[in-house]
Amino acid sequence: MMVLMKKYNLPLLSRFILGAVFIYASLDKIADPIAFSTNIDNYHITPIAINNLAALIIPWVELILGLCLITGVLLDGASILTMALLVFFIFIISQAYVRGISLNCGCFKTAVDPGLGDLRQDMLWRIFEDILFLGLAVIVYFRDVFRRVK
Amino acid sequence: MMHRNIKQITFIIILSTLLGLARFYFLKDNDFNLIKEVRVLQVTEAEVSDSGSEIFIIPQFMTEPMMASLEFTKYFFDKKNAIFVDARESEEFEISHITGAINIPFDYYDEYMDVIDSLKYDDVFIIYCSGGESSLSIDLADVFFGDKAFENVFVFEGGLPAWQEAKYPTE
């Protein structure tokens, strides 16, 4: 870690990576909230009644968080909300995996990629990805600790 | 510090909510409401024949897929005049499925269009998945009934677990 901290500005790098990922993840969902609402249904964790509302609001939260992370505006609040959102994503995909539900998580694309071989393997990959992103969000929030060592 | 963070988070959430509501306004889809309605499929009821035995009759004009009970499903399984469609993934289908069922995984149904197109529109289709938590069968039933205009589409609500519990034939 110290080697990385000497070589790179980790908080800045983390902000740009996370910001780009959140903006990219939001676009397809903003374009098609109906399909995203169906994705949320498939998790079977929230009451059906609120899933349309969630499908309308969550993508915009992701987009604004992405913009905040990249521009550095409202950075503390954005990084806390990013961590909370990622913990929530890890929890809902994990619980679906443990319950034996195979699903397209809707994380980046609302429609299933026809080339995708195994949905359950994809779910494990998404959990792993989200844990990595959570690590980046922690670096952004505690940026004073991870600042580049001269 | 804490107070400032809460203010920032609140601002992001309120802004997102307003943008989400604006997106809803511009969506202009009559079927998409802010509060999602829980979909309840109509259940097919048994009738009693002259000989006193229970029979199931396919409704003449269905306006949407209907829910099939275990009894309904077994009735048509025994009569051999329904096509059973397993909407789960092919790996799950290979492990076990209702005897004689065909596999059209909902998540990849586009790849099975040649199979779907080879089916007759007036056959009776009973679609199932893992039951309970899974909505794959209802989603595929909507494709059969809505997109492909098949006339007699049923969703076996209990799915494979209910079928196996009743110790009915699987392969």
# chains A, B, ... in the order shown; residues from 1 in each chain; ligands from 1
>>> interface_residues(of="chain B", to="chain A", cutoff="10 Å", atoms="only C-alpha atoms", output="ChimeraX atom specification")
/B:1-2,4-24,27,29,31-39,88-91,107-111,130,133-136,139
>>> write_last_selection(atoms="C-alpha atoms", output="short mmCIF file (atom, residue, chain, number, x, y, z; two decimals), in the first residue's frame")
data_model
loop_
_atom_site.label_atom_id
_atom_site.label_comp_id
_atom_site.auth_asym_id
_atom_site.auth_seq_id
_atom_site.Cartn_x
_atom_site.Cartn_y
_atom_site.Cartn_z
CA MET B 1 -18.60 17.73 10.25
CA MET B 2 -21.33 15.15 10.87
CA ARG B 4 -22.48 18.88 7.11
CA ASN B 5 -22.36 15.30 5.83
CA ILE B 6 -26.03 14.74 6.67
CA LYS B 7 -26.91 17.97 4.82
CA GLN B 8 -24.95 16.87 1.75
CA ILE B 9 -26.51 13.39 1.72
CA THR B 10 -30.00 14.87 2.12
CA PHE B 11 -29.34 17.27 -0.75
CA ILE B 12 -28.19 14.44 -3.07
CA ILE B 13 -31.23 12.30 -2.21
CA ILE B 14 -33.72 15.16 -2.66
CA LEU B 15 -32.14 16.17 -5.98
CA SER B 16 -32.22 12.54 -7.19
CA THR B 17 -35.86 12.19 -6.15
CA LEU B 18 -36.83 15.33 -8.06
CA LEU B 19 -34.95 14.17 -11.17
CA GLY B 20 -36.52 10.72 -10.86
CA LEU B 21 -39.99 12.25 -10.68
CA ALA B 22 -39.18 14.42 -13.70
CA ARG B 23 -38.10 11.25 -15.56
CA PHE B 24 -41.43 9.69 -14.60
CA LEU B 27 -41.81 8.62 -19.47
CA ASP B 29 -46.15 5.10 -19.97
CA ASP B 31 -48.61 0.94 -17.35
CA PHE B 32 -45.79 2.37 -15.26
CA ASN B 33 -47.09 3.96 -12.05
CA LEU B 34 -45.20 5.42 -9.12
CA ILE B 35 -46.73 2.77 -6.86
CA LYS B 36 -46.35 -0.60 -8.54
CA GLU B 37 -49.37 -2.84 -8.39
CA VAL B 38 -48.91 -6.42 -7.31
CA ARG B 39 -49.89 -8.67 -10.17
CA ARG B 88 -35.36 -21.87 -15.68
CA GLU B 89 -31.75 -21.94 -16.82
CA SER B 90 -30.62 -24.92 -18.91
CA GLU B 91 -28.21 -26.10 -16.17
CA ASP B 107 -33.32 -14.86 -19.54
CA TYR B 108 -32.24 -16.06 -22.99
CA TYR B 109 -35.56 -16.56 -24.72
CA ASP B 110 -34.35 -14.54 -27.73
CA GLU B 111 -31.97 -17.38 -28.50
CA SER B 130 -38.72 -22.68 -9.36
CA GLU B 133 -39.64 -16.53 -5.21
CA SER B 134 -39.07 -16.87 -8.94
CA SER B 135 -41.03 -14.86 -11.51
CA LEU B 136 -39.39 -16.41 -14.59
CA ASP B 139 -42.25 -13.28 -17.40
#
>>> select_by_dssp(residues="range 79-171 of chain B", states="strand (DSSP E)", output="compact mmCIF listing (two decimals) with N, CA and C atoms, in the first residue's frame")
# COMPACT_ATOMS: atom_id res chain seq x y z
N ILE B 83 -48.37 -28.54 -23.40
CA ILE B 83 -46.91 -28.50 -23.54
C ILE B 83 -46.34 -27.83 -22.30
N PHE B 84 -45.46 -28.54 -21.63
CA PHE B 84 -44.84 -28.00 -20.41
C PHE B 84 -43.56 -27.27 -20.79
N VAL B 85 -43.46 -26.05 -20.31
CA VAL B 85 -42.29 -25.23 -20.63
C VAL B 85 -41.57 -24.85 -19.35
N ASP B 86 -40.31 -25.21 -19.27
CA ASP B 86 -39.48 -24.89 -18.09
C ASP B 86 -38.74 -23.59 -18.38
N ILE B 102 -40.19 -28.94 -22.19
CA ILE B 102 -39.13 -28.35 -23.01
C ILE B 102 -38.54 -27.17 -22.24
N ASN B 103 -37.33 -26.80 -22.56
CA ASN B 103 -36.65 -25.73 -21.82
C ASN B 103 -36.52 -24.46 -22.66
N VAL B 124 -52.04 -25.75 -25.60
CA VAL B 124 -52.09 -25.33 -24.19
C VAL B 124 -50.66 -25.36 -23.65
N PHE B 125 -50.23 -24.23 -23.09
CA PHE B 125 -48.87 -24.15 -22.55
C PHE B 125 -48.94 -23.96 -21.03
N ILE B 126 -48.23 -24.83 -20.33
CA ILE B 126 -48.11 -24.66 -18.88
C ILE B 126 -46.64 -24.36 -18.58
N ILE B 127 -46.41 -23.14 -18.14
CA ILE B 127 -45.03 -22.68 -17.93
C ILE B 127 -44.72 -22.72 -16.43
N TYR B 128 -43.56 -23.20 -16.09
CA TYR B 128 -43.19 -23.26 -14.67
C TYR B 128 -41.73 -22.86 -14.50
N ASN B 152 -53.54 -20.00 -25.12
CA ASN B 152 -53.80 -20.69 -23.85
C ASN B 152 -52.52 -20.84 -23.04
N VAL B 153 -52.22 -19.82 -22.28
CA VAL B 153 -50.97 -19.81 -21.53
C VAL B 153 -51.25 -19.82 -20.03
N PHE B 154 -50.66 -20.78 -19.34
CA PHE B 154 -50.87 -20.93 -17.90
C PHE B 154 -49.53 -20.93 -17.17
N VAL B 155 -49.57 -20.43 -15.94
CA VAL B 155 -48.37 -20.42 -15.11
C VAL B 155 -48.62 -21.38 -13.94
N PHE B 156 -47.78 -22.39 -13.83
CA PHE B 156 -47.90 -23.33 -12.72
C PHE B 156 -47.23 -22.69 -11.51
>>> residues_around(residues="Leu41 in chain B", least_positions_apart="3", cutoff="12 Å", atoms="only C-alpha atoms", output="count of residues only")
18
>>> atom_distance(atom1="CA of Asn81 in chain B", atom2="CA of Glu151 in chain B")
14.4 Å
